[in-house]
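What follows is the content of protein.txt, which has compact mmCIF, C-alpha atoms and all ligand atoms:
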```txt
# COMPACT_ATOMS: atom_id res chain seq x y z
CA MET A 1 93.44 204.49 -9.29
CA ALA A 2 97.17 204.52 -8.68
CA LYS A 3 98.42 207.15 -6.30
CA THR A 4 100.13 210.02 -8.14
CA TYR A 5 102.87 212.23 -6.71
CA ASN A 6 103.47 215.66 -8.20
CA ILE A 7 107.15 216.46 -8.09
CA ALA A 8 108.81 219.77 -8.92
CA LEU A 9 112.09 219.19 -10.71
CA ILE A 10 114.96 221.65 -10.50
CA PRO A 11 117.77 219.99 -12.49
CA GLY A 12 119.91 223.14 -12.07
CA ASP A 13 123.48 223.62 -13.25
CA GLY A 14 126.51 221.66 -14.39
CA THR A 15 126.02 217.93 -13.96
CA GLY A 16 122.73 218.48 -12.09
CA PRO A 17 120.53 217.63 -15.11
CA GLU A 18 122.53 214.45 -15.83
CA VAL A 19 122.25 213.04 -12.32
CA VAL A 20 118.59 214.03 -12.00
CA ALA A 21 117.87 212.18 -15.25
CA GLU A 22 119.26 208.98 -13.70
CA GLY A 23 117.21 209.59 -10.55
CA ILE A 24 114.07 209.88 -12.67
CA LYS A 25 114.95 206.68 -14.50
CA VAL A 26 115.18 204.83 -11.19
CA LEU A 27 112.02 206.46 -9.85
CA ALA A 28 110.12 205.36 -12.95
CA ALA A 29 111.28 201.77 -12.51
CA VAL A 30 110.42 201.57 -8.84
CA ALA A 31 107.09 203.40 -9.26
CA ASP A 32 106.09 200.91 -11.93
CA LYS A 33 106.99 198.02 -9.67
CA GLU A 34 105.19 199.49 -6.66
CA SER A 35 102.21 200.75 -8.66
CA PHE A 36 102.29 204.45 -8.02
CA ARG A 37 102.72 207.31 -10.45
CA ILE A 38 105.00 210.32 -10.49
CA ASP A 39 104.30 213.45 -12.51
CA TYR A 40 107.03 216.04 -12.97
CA THR A 41 107.03 219.76 -13.61
CA THR A 42 110.43 221.17 -14.49
CA PHE A 43 111.71 224.56 -13.35
CA ASP A 44 114.72 226.10 -15.06
CA PHE A 45 116.17 227.82 -11.98
CA GLY A 46 119.96 228.02 -12.09
CA GLY A 47 122.94 229.80 -13.54
CA ASP A 48 121.97 229.68 -17.22
CA ARG A 49 118.57 231.21 -16.56
CA TYR A 50 120.18 233.92 -14.42
CA LEU A 51 122.75 234.76 -17.12
CA LYS A 52 120.00 234.96 -19.73
CA THR A 53 117.35 236.87 -17.79
CA GLY A 54 119.21 238.60 -14.94
CA GLU A 55 116.70 237.13 -12.51
CA VAL A 56 117.93 234.60 -9.94
CA LEU A 57 114.53 233.34 -8.83
CA PRO A 58 111.09 234.61 -9.83
CA GLU A 59 109.05 236.14 -6.99
CA SER A 60 106.40 233.47 -7.48
CA ALA A 61 108.82 230.52 -7.15
CA ALA A 62 108.13 229.55 -3.54
CA ASP A 63 104.36 229.86 -3.96
CA GLU A 64 104.44 227.71 -7.08
CA LEU A 65 106.68 225.11 -5.46
CA ARG A 66 104.40 224.91 -2.43
CA GLN A 67 101.80 223.21 -4.64
CA PHE A 68 103.92 220.08 -5.09
CA ASP A 69 104.33 216.94 -3.01
CA ALA A 70 108.10 217.37 -3.04
CA ILE A 71 110.97 219.04 -4.89
CA TYR A 72 113.83 217.12 -6.50
CA LEU A 73 116.93 219.25 -7.04
CA GLY A 74 120.11 218.49 -9.00
CA ALA A 75 122.75 221.12 -8.26
CA ILE A 76 123.09 224.88 -8.16
CA GLY A 77 126.35 226.67 -9.05
CA HIS A 78 127.74 228.06 -12.30
CA PRO A 79 131.36 228.90 -13.14
CA LYS A 80 130.32 232.17 -14.86
CA VAL A 81 128.34 233.42 -11.86
CA LYS A 82 130.07 234.95 -8.86
CA PRO A 83 129.99 232.53 -5.89
CA GLY A 84 127.16 233.29 -3.49
CA ILE A 85 124.59 234.69 -5.90
CA LEU A 86 122.96 231.43 -6.91
CA GLU A 87 123.58 229.66 -3.60
CA LYS A 88 121.94 232.44 -1.62
CA GLY A 89 119.44 233.45 -4.28
CA ILE A 90 118.10 229.98 -5.06
CA LEU A 91 119.10 227.27 -2.60
CA LEU A 92 119.06 229.24 0.64
CA ARG A 93 116.09 231.37 -0.40
CA LEU A 94 114.00 228.27 -1.13
CA ARG A 95 115.03 226.66 2.16
CA PHE A 96 113.97 229.82 4.01
CA GLU A 97 110.81 230.71 2.08
CA LEU A 98 109.53 227.14 2.19
CA ASP A 99 110.53 227.01 5.87
CA GLN A 100 112.46 223.78 5.36
CA TYR A 101 113.77 223.92 8.89
CA ILE A 102 115.47 220.53 8.90
CA ASN A 103 118.39 219.47 6.77
CA LEU A 104 118.56 215.70 7.14
CA ARG A 105 121.85 214.14 6.13
CA PRO A 106 122.39 210.41 6.55
CA VAL A 107 126.03 209.34 6.76
CA LYS A 108 126.23 205.66 5.93
CA LEU A 109 129.16 203.75 4.51
CA TYR A 110 127.85 201.33 1.90
CA PRO A 111 129.53 198.00 1.11
CA GLY A 112 132.42 198.16 -1.33
CA VAL A 113 132.91 201.89 -0.84
CA GLU A 114 136.44 202.92 -0.08
CA CYS A 115 136.58 204.68 3.27
CA PRO A 116 139.49 206.99 4.05
CA LEU A 117 139.42 205.88 7.70
CA LYS A 118 141.74 203.06 8.65
CA ASP A 119 140.03 199.92 9.95
CA LYS A 120 136.50 201.30 9.59
CA GLY A 121 133.79 199.55 7.63
CA PRO A 122 130.03 199.74 7.09
CA GLU A 123 129.47 198.42 10.63
CA HIS A 124 131.13 201.56 12.04
CA ILE A 125 129.64 204.35 9.94
CA ASP A 126 125.88 204.71 10.06
CA PHE A 127 124.55 207.89 11.61
CA VAL A 128 122.28 210.78 10.68
CA VAL A 129 122.87 214.50 11.11
CA VAL A 130 119.83 216.69 11.77
CA ARG A 131 120.97 220.18 10.82
CA GLU A 132 118.86 223.25 11.63
CA ASN A 133 118.26 224.82 8.23
CA THR A 134 116.70 228.28 8.58
CA GLU A 135 118.54 230.16 11.35
CA GLY A 136 121.99 230.58 12.91
CA LEU A 137 124.71 232.34 10.94
CA TYR A 138 122.74 231.66 7.76
CA ALA A 139 119.88 234.01 8.75
CA GLY A 140 121.70 236.94 7.18
CA ALA A 141 121.68 239.19 10.25
CA GLY A 142 124.50 241.70 10.54
CA GLY A 143 126.07 244.27 8.31
CA PHE A 144 129.00 246.53 7.60
CA LEU A 145 130.10 249.73 9.23
CA LYS A 146 132.51 252.03 7.40
CA LYS A 147 132.79 249.54 4.58
CA GLY A 148 135.91 249.86 2.46
CA THR A 149 137.75 252.04 4.98
CA ALA A 150 140.58 251.15 7.33
CA ASP A 151 138.05 251.21 10.18
CA GLU A 152 135.72 248.74 8.55
CA VAL A 153 133.59 246.53 10.79
CA ALA A 154 131.79 243.42 9.54
CA ILE A 155 129.22 241.79 11.81
CA GLN A 156 127.55 238.44 11.14
CA GLU A 157 125.18 237.38 13.86
CA SER A 158 123.91 233.92 14.70
CA ILE A 159 120.14 233.98 15.16
CA ASN A 160 118.75 231.26 17.42
CA THR A 161 115.08 231.43 18.34
CA ARG A 162 113.47 229.27 21.00
CA LYS A 163 110.88 228.21 18.45
CA GLY A 164 113.45 227.37 15.77
CA VAL A 165 115.73 225.51 18.13
CA GLU A 166 112.90 223.60 19.79
CA ARG A 167 111.25 222.41 16.60
CA CYS A 168 114.60 221.14 15.32
CA ILE A 169 115.41 219.35 18.56
CA ARG A 170 111.90 217.84 18.73
CA PHE A 171 112.28 216.57 15.17
CA ALA A 172 115.63 214.99 16.08
CA PHE A 173 114.25 213.17 19.12
CA GLU A 174 111.28 211.86 17.13
CA TYR A 175 113.56 210.81 14.29
CA CYS A 176 115.94 209.03 16.68
CA LYS A 177 113.03 207.20 18.29
CA LYS A 178 111.62 206.12 14.95
CA ARG A 179 115.05 205.05 13.68
CA ASN A 180 115.42 202.90 16.81
CA LYS A 181 119.09 202.04 16.24
CA ASP A 182 121.13 202.99 19.32
CA ASN A 183 118.50 205.41 20.64
CA LYS A 184 121.15 208.02 21.25
CA LEU A 185 120.86 211.67 20.28
CA THR A 186 123.98 213.83 20.43
CA LEU A 187 123.71 217.60 20.58
CA CYS A 188 126.68 219.08 18.72
CA GLY A 189 127.45 222.58 20.02
CA LYS A 190 130.07 224.83 21.53
CA THR A 191 128.71 225.53 25.00
CA ASN A 192 132.14 226.47 26.34
CA VAL A 193 132.46 229.54 24.10
CA LEU A 194 129.13 230.34 22.41
CA THR A 195 127.50 230.78 25.80
CA TYR A 196 124.30 232.44 24.56
CA ALA A 197 123.37 230.48 21.47
CA PHE A 198 124.29 227.06 22.78
CA ASP A 199 122.96 227.80 26.21
CA LEU A 200 119.55 228.05 24.55
CA TRP A 201 120.23 224.89 22.55
CA GLU A 202 121.41 222.97 25.62
CA ARG A 203 118.51 224.04 27.87
CA THR A 204 115.96 223.23 25.19
CA PHE A 205 117.67 219.90 24.48
CA HIS A 206 117.48 218.77 28.10
CA GLU A 207 113.92 219.98 28.52
CA VAL A 208 112.72 218.06 25.48
CA ALA A 209 114.85 215.04 26.48
CA LYS A 210 112.62 214.58 29.56
CA GLU A 211 109.83 213.56 27.18
CA TYR A 212 112.05 210.87 25.64
CA GLN A 213 113.15 208.65 28.51
CA GLY A 214 114.13 205.86 26.09
CA ILE A 215 116.71 208.04 24.34
CA THR A 216 120.17 208.82 25.69
CA ALA A 217 120.73 212.57 25.47
CA ASP A 218 124.40 213.03 24.71
CA TYR A 219 126.50 216.16 24.09
CA ALA A 220 129.71 216.89 22.16
CA HIS A 221 131.50 220.10 21.25
CA VAL A 222 131.74 220.63 17.50
CA ASP A 223 135.54 220.56 17.43
CA ALA A 224 135.58 217.29 19.34
CA ILE A 225 132.97 215.84 17.00
CA THR A 226 135.25 216.37 14.00
CA MET A 227 137.88 214.40 15.85
CA TRP A 228 135.50 211.57 16.73
CA PHE A 229 134.02 211.31 13.24
CA VAL A 230 137.52 210.26 12.24
CA LYS A 231 138.47 208.20 15.28
CA ASN A 232 135.18 206.69 16.52
CA PRO A 233 132.35 207.23 14.03
CA GLU A 234 130.58 204.22 15.55
CA TRP A 235 129.77 206.33 18.62
CA PHE A 236 127.08 208.23 16.73
CA ASP A 237 123.46 207.44 16.00
CA VAL A 238 121.64 210.76 15.48
CA ILE A 239 123.28 214.17 15.86
CA VAL A 240 121.41 217.48 16.11
CA THR A 241 123.14 220.80 15.53
CA ASP A 242 122.82 224.35 14.25
CA ASN A 243 123.03 225.45 10.64
CA MET A 244 126.74 226.36 10.40
CA PHE A 245 128.10 223.45 12.41
CA GLY A 246 125.77 221.13 10.51
CA ASP A 247 127.11 222.43 7.20
CA ILE A 248 130.69 221.77 8.25
CA ILE A 249 130.34 218.38 9.93
CA THR A 250 128.24 216.95 7.10
CA ASP A 251 130.99 217.60 4.56
CA LEU A 252 133.28 215.60 6.82
CA GLY A 253 130.50 213.04 7.13
CA ALA A 254 130.20 212.84 3.34
CA MET A 255 133.93 212.14 3.06
CA ILE A 256 133.88 209.24 5.52
CA GLN A 257 130.94 207.68 3.67
CA GLY A 258 132.85 207.75 0.41
CA GLY A 259 132.54 211.32 -0.88
CA MET A 260 130.17 213.61 -2.70
CA GLY A 261 129.30 210.94 -5.25
CA ILE A 262 127.19 209.16 -2.68
CA ALA A 263 126.00 211.75 -0.12
CA ALA A 264 122.35 212.79 -0.25
CA GLY A 265 120.11 214.89 1.91
CA GLY A 266 116.67 216.35 2.41
CA ASN A 267 115.59 219.88 3.25
CA LEU A 268 112.46 219.13 5.21
CA ASN A 269 109.43 221.08 6.18
CA PRO A 270 107.48 218.42 8.07
CA GLU A 271 104.34 220.55 7.73
CA GLY A 272 104.99 221.68 4.15
CA VAL A 273 106.94 220.85 1.02
CA SER A 274 110.41 219.30 1.24
CA MET A 275 113.34 219.36 -1.18
CA PHE A 276 115.73 216.49 -1.83
CA GLU A 277 119.21 216.88 -3.27
CA PRO A 278 122.61 215.28 -3.71
CA ILE A 279 124.92 217.18 -1.34
CA GLY A 280 127.70 217.65 -3.90
CA GLY A 281 127.92 220.66 -6.18
CA SER A 282 127.37 221.12 -9.90
CA ALA A 283 130.85 219.77 -10.85
CA PRO A 284 130.93 221.88 -14.07
CA LYS A 285 134.15 220.31 -15.33
CA TYR A 286 132.35 216.99 -15.78
CA LYS A 287 129.27 218.45 -17.44
CA GLY A 288 128.05 216.55 -20.48
CA GLN A 289 130.70 213.83 -20.25
CA ASN A 290 128.60 210.98 -18.86
CA LYS A 291 131.21 210.57 -16.11
CA ILE A 292 129.58 211.96 -12.97
CA ASN A 293 128.38 209.55 -10.31
CA PRO A 294 124.56 209.67 -10.14
CA LEU A 295 124.27 207.60 -6.94
CA ALA A 296 123.92 210.61 -4.62
CA ALA A 297 121.04 211.93 -6.73
CA ILE A 298 119.52 208.46 -6.91
CA SER A 299 119.82 208.14 -3.13
CA ALA A 300 118.17 211.56 -2.73
CA ALA A 301 115.28 210.22 -4.81
CA GLY A 302 115.11 207.26 -2.41
CA LEU A 303 114.96 209.60 0.58
CA MET A 304 112.19 211.51 -1.16
CA LEU A 305 110.12 208.36 -1.59
CA GLU A 306 110.59 207.38 2.03
CA TYR A 307 109.54 210.84 3.04
CA LEU A 308 106.45 210.64 0.85
CA GLY A 309 105.50 207.47 2.69
CA GLU A 310 106.67 205.02 0.00
CA ASP A 311 108.94 203.26 2.47
CA ARG A 312 109.25 200.04 0.54
CA ALA A 313 110.18 201.81 -2.69
CA GLY A 314 112.71 203.97 -0.83
CA LYS A 315 114.28 200.87 0.73
CA LYS A 316 114.46 199.19 -2.67
CA ILE A 317 116.44 202.12 -4.03
CA GLU A 318 118.83 202.00 -1.09
CA GLU A 319 119.32 198.25 -1.46
CA ALA A 320 119.97 198.62 -5.19
CA VAL A 321 122.51 201.37 -4.55
CA MET A 322 124.24 199.14 -1.97
CA ASN A 323 124.29 196.31 -4.48
CA VAL A 324 125.90 198.60 -7.07
CA THR A 325 128.58 199.90 -4.70
CA GLY A 326 129.20 196.43 -3.30
CA SER A 327 129.40 194.42 -6.51
CA HIS A 328 129.62 196.63 -9.58
CA LEU A 329 131.48 199.92 -9.22
CA LYS A 330 135.25 200.28 -9.33
CA GLY A 331 135.15 203.59 -7.48
CA LEU A 332 132.80 206.43 -6.66
CA ALA A 333 134.67 209.37 -8.16
CA ALA A 334 133.65 210.89 -11.49
CA GLY A 335 135.30 209.01 -14.34
CA GLN A 336 136.50 206.24 -12.04
CA MET A 337 133.39 204.16 -11.67
CA GLY A 338 134.26 201.73 -14.45
CA MET A 339 130.84 202.65 -15.83
CA THR A 340 129.22 205.75 -17.27
CA THR A 341 126.61 207.88 -15.55
CA THR A 342 123.81 206.42 -17.67
CA GLU A 343 125.04 202.85 -17.20
CA VAL A 344 124.94 203.27 -13.43
CA GLY A 345 121.39 204.63 -13.70
CA ASP A 346 120.34 201.74 -15.95
CA LEU A 347 121.80 199.22 -13.53
CA VAL A 348 120.07 200.69 -10.47
CA ALA A 349 116.81 200.88 -12.43
CA THR A 350 117.09 197.19 -13.26
CA LEU A 351 118.00 196.19 -9.72
CA VAL A 352 115.06 198.00 -8.09
CA THR A 353 112.65 195.83 -10.04
CA GLU A 354 114.20 192.54 -8.96
C1 LIG A 401 125.10 222.75 1.60
C2 LIG A 401 125.84 223.79 0.82
C3 LIG A 401 125.13 225.12 1.00
C4 LIG A 401 125.13 225.45 2.47
C5 LIG A 401 125.73 226.26 0.17
C6 LIG A 401 125.82 225.92 -1.30
C7 LIG A 401 124.98 227.56 0.36
O1 LIG A 401 127.16 223.87 1.23
O2 LIG A 401 123.97 222.42 1.20
O3 LIG A 401 125.64 222.24 2.58
O4 LIG A 401 126.07 226.06 2.97
O5 LIG A 401 124.16 225.10 3.14
MN MN A 402 127.66 222.46 2.76
```
Written as structure tokens, that's how I'd like the structure from this file.
Ligand code: IPM
Ligand code: MN
Amino acid sequence: MAKTYNIALIPGDGTGPEVVAEGIKVLAAVADKESFRIDYTTFDFGGDRYLKTGEVLPESAADELRQFDAIYLGAIGHPKVKPGILEKGILLRLRFELDQYINLRPVKLYPGVECPLKDKGPEHIDFVVVRENTEGLYAGAGGFLKKGTADEVAIQESINTRKGVERCIRFAFEYCKKRNKDNKLTLCGKTNVLTYAFDLWERTFHEVAKEYQGITADYAHVDAITMWFVKNPEWFDVIVTDNMFGDIITDLGAMIQGGMGIAAGGNLNPEGVSMFEPIGGSAPKYKGQNKINPLAAISAAGLMLEYLGEDRAGKKIEEAVMNVTGSHLKGLAAGQMGMTTTEVGDLVATLVTE
């Protein structure tokens, strides 16, 4: 009998459902070709549900989601909901409760994609950021003193545990070894100022590096990395960093690979259930117009398949996406592709079966 994957779908808000629909279209085509099955169960988490019920996420959500092989997410964020509520209440809560301690974000410039960097092409931009995804400034430690008074104090602490740092660094070394491109892992930190947090990161990094003699253990400060992403992106192979720095540098990474229309990522729990998503937001102004670029969501579906062990199917999706950017699309931005959302999905679905 054909292998069946059970996927939890969270289409979410704004253009999330539209891009997820194209991802499903492509998954169906490639699954057919590769003879496996995918079953979906849809969850209505997002802004509309919150506005209707007052509940951001049911208590049982994480336990239910744990039963699946993977989670495929569209976008979370609603113009009628105050910023922070859905992001923290759905996206971050799921990352934490499902202990998805890695946020894996490939930064790869595909053929035909306009890059804002002068004289840089696909041969220069192909690296992966391994972002710690459950600790750091995102842990929610801190608080207010004398809130609302002239003497107010706000404290937001960065939590870095040996266990959390080490498992992230170990994942990054393993990933770099398996990727086998330049065999170089760069720790992105701020050891000159954040002398507690990044001291722990740096010590752990060098300790683990001893087990990986074939990998060059490199270091760069986060501010310098933003400079080099622009000037010398070809220097990077795999980068490992904390939650906040990873958040910031991967938006820059997304821009040099052509923008939010193409950037995808995975929230991974290597021992549990992982969640795949386009990095961009819910783009509410394009909702329902058939204009949004579905390639990031389609690429996230490809990452999901690779992660599930369907390497060949995942590669087929990536190749089809590269074919579309290289030979078919006018641009990547919403409304500027020269094609509609559904036409792009149809095209990728056809190409994956060739
Ligand atoms: C991301 C997003 C989230 C983050 C927000 C929406 C909470 O920016 O996935 O990078 O900061 O992690
Ligand atoms: Mn971000």
Residues of range 325-353 of chain A that approach range 20-27 of chain A to 8 Å or less, counting only C-alpha atoms: could you list each one with the shortest pair of atoms and its distance in Å to one decimal, rows by chain and increasing residue number, as JSON lines?
```
{"residue": "A:Thr341", "atom": "CA", "partner": "A:Glu22", "partner_atom": "CA", "distance": 7.7}
{"residue": "A:Thr342", "atom": "CA", "partner": "A:Glu22", "partner_atom": "CA", "distance": 6.6}
{"residue": "A:Gly345", "atom": "CA", "partner": "A:Glu22", "partner_atom": "CA", "distance": 4.8}
{"residue": "A:Asp346", "atom": "CA", "partner": "A:Lys25", "partner_atom": "CA", "distance": 7.5}
{"residue": "A:Val348", "atom": "CA", "partner": "A:Val26", "partner_atom": "CA", "distance": 6.4}
{"residue": "A:Ala349", "atom": "CA", "partner": "A:Val26", "partner_atom": "CA", "distance": 4.4}
{"residue": "A:Val352", "atom": "CA", "partner": "A:Val26", "partner_atom": "CA", "distance": 7.5}
```
Taking only C-alpha atoms and all ligand atoms and a cut-off of 6 Å, can you tell me which residues surround ligand LIG 401 (chain A), written as a PyMOL selection string?
chain A and resi 87+247+279
Please give me, as a PyMOL selection string, the residues lying within 10 Å of ligand MN 402 (chain A) when counting only C-alpha atoms and all ligand atoms.
chain A and resi 243-252+254+279-281
Residues of range 158-194 of chain A that approach range 127-149 of chain A to 8 Å or less, counting only C-alpha atoms: could you list each one with the shortest pair of atoms and its distance in Å to one decimal, rows by chain and increasing residue number, as CSV?
```
residue,atom,partner,partner_atom,distance
A:Ser158,CA,A:Leu137,CA,4.2
A:Ile159,CA,A:Gly136,CA,4.5
A:Asn160,CA,A:Gly136,CA,5.6
A:Thr161,CA,A:Glu135,CA,7.9
A:Gly164,CA,A:Glu135,CA,7.3
A:Val165,CA,A:Glu132,CA,7.6
A:Cys168,CA,A:Glu132,CA,6.0
A:Ala172,CA,A:Val130,CA,6.3
```
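Shortest atom-to-atom contact with Arg95 in chain A among A:Leu308, A:Asp151, A:Phe171, A:Leu73: A:Leu73, counting only C-alpha atoms.
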I want to know what sits within 12 Å of Ala31 in chain A, based on only C-alpha atoms, with residues of the same chain fewer than 2 positions away left out; could you give that as JSON, numbers by chain?
{"A": [2, 3, 4, 5, 23, 24, 25, 26, 27, 28, 29, 33, 34, 35, 36, 37, 38, 39, 301, 302, 305, 310, 311, 312, 313, 314, 316, 317, 349, 352, 353]}
Pull C-alpha atoms from the residues just selected and write them as a CSV table (one decimal), in the coordinates of the input.
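Final output, part-v2.csv:
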```csv
chain,number,residue,atom,x,y,z
A,2,ALA,CA,97.2,204.5,-8.7
A,3,LYS,CA,98.4,207.2,-6.3
A,4,THR,CA,100.1,210.0,-8.1
A,5,TYR,CA,102.9,212.2,-6.7
A,23,GLY,CA,117.2,209.6,-10.6
A,24,ILE,CA,114.1,209.9,-12.7
A,25,LYS,CA,115.0,206.7,-14.5
A,26,VAL,CA,115.2,204.8,-11.2
A,27,LEU,CA,112.0,206.5,-9.8
A,28,ALA,CA,110.1,205.4,-13.0
A,29,ALA,CA,111.3,201.8,-12.5
A,33,LYS,CA,107.0,198.0,-9.7
A,34,GLU,CA,105.2,199.5,-6.7
A,35,SER,CA,102.2,200.8,-8.7
A,36,PHE,CA,102.3,204.4,-8.0
A,37,ARG,CA,102.7,207.3,-10.4
A,38,ILE,CA,105.0,210.3,-10.5
A,39,ASP,CA,104.3,213.4,-12.5
A,301,ALA,CA,115.3,210.2,-4.8
A,302,GLY,CA,115.1,207.3,-2.4
A,305,LEU,CA,110.1,208.4,-1.6
A,310,GLU,CA,106.7,205.0,0.0
A,311,ASP,CA,108.9,203.3,2.5
A,312,ARG,CA,109.2,200.0,0.5
A,313,ALA,CA,110.2,201.8,-2.7
A,314,GLY,CA,112.7,204.0,-0.8
A,316,LYS,CA,114.5,199.2,-2.7
A,317,ILE,CA,116.4,202.1,-4.0
A,349,ALA,CA,116.8,200.9,-12.4
A,352,VAL,CA,115.1,198.0,-8.1
A,353,THR,CA,112.6,195.8,-10.0
```
Hey, can you pull every residue with an atom no more than 10 Å from (129.3, 228.5, -14.2), using only C-alpha atoms, and send it as an MDAnalysis selection string?
chainID A and resid 13:14 46:48 51 76:83 282:285
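Comparing the minimum interatomic distances between Trp228 in chain A and each of A:Ile262, A:Leu303, A:Ile125, A:Ile169, counting only C-alpha atoms, we find that A:Ile125 sits nearest.
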Take every atom of range 231-235 of chain A listed in the file, fit an axis-aligned box around them, add 5 Å per side, and give the centre and edge lengths in Å to one decimal as JSON.
```
{"center_x": 134.1, "center_y": 206.2, "center_z": 16.3, "size_x": 18.7, "size_y": 14.0, "size_z": 14.6}
```
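Interatomic distance, CA of Asp218 in chain A against CA of Asn180 in chain A: 15.7 Å.
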Contact residues around Asp126 in chain A with only C-alpha atoms at 7 Å, ignoring same-chain residues under 5 positions, as a short mmCIF file (atom, residue, chain, number, x, y, z; two decimals) with C-alpha atoms, in the frame of the given file:
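Once written, selection04.cif looks like this:
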```cif
data_model
loop_
_atom_site.label_atom_id
_atom_site.label_comp_id
_atom_site.auth_asym_id
_atom_site.auth_seq_id
_atom_site.Cartn_x
_atom_site.Cartn_y
_atom_site.Cartn_z
CA VAL A 107 126.03 209.34 6.76
CA LYS A 108 126.23 205.66 5.93
CA LEU A 109 129.16 203.75 4.51
CA ASP A 237 123.46 207.44 16.00
#
```
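Interatomic distance, CA of Lys163 in chain A against CA of Met304 in chain A: 25.8 Å.
Minimum atom-to-atom distance to Pro17 in chain A, evaluated using only C-alpha atoms, belongs to A:Glu277 out of A:Glu354, A:Glu277, A:Asp199, A:Glu114.
Going from CA of Gly326 in chain A over to CA of Pro122 in chain A, you cover 10.9 Å.
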What's the 8 Å shell around range 52-56 of chain A, counting only C-alpha atoms, without same-chain residues fewer than 2 positions away, as a list in words?
Phe45, Gly46, Gly47, Asp48, Arg49, Tyr50, Pro58, Ile85, Leu86, Gly89 and Ile90 of chain A
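With distances restricted to all atoms listed in the file, A:Val222 is the closest residue to Phe198 in chain A from A:Val222, A:Leu347, A:Ala334, A:Val324.
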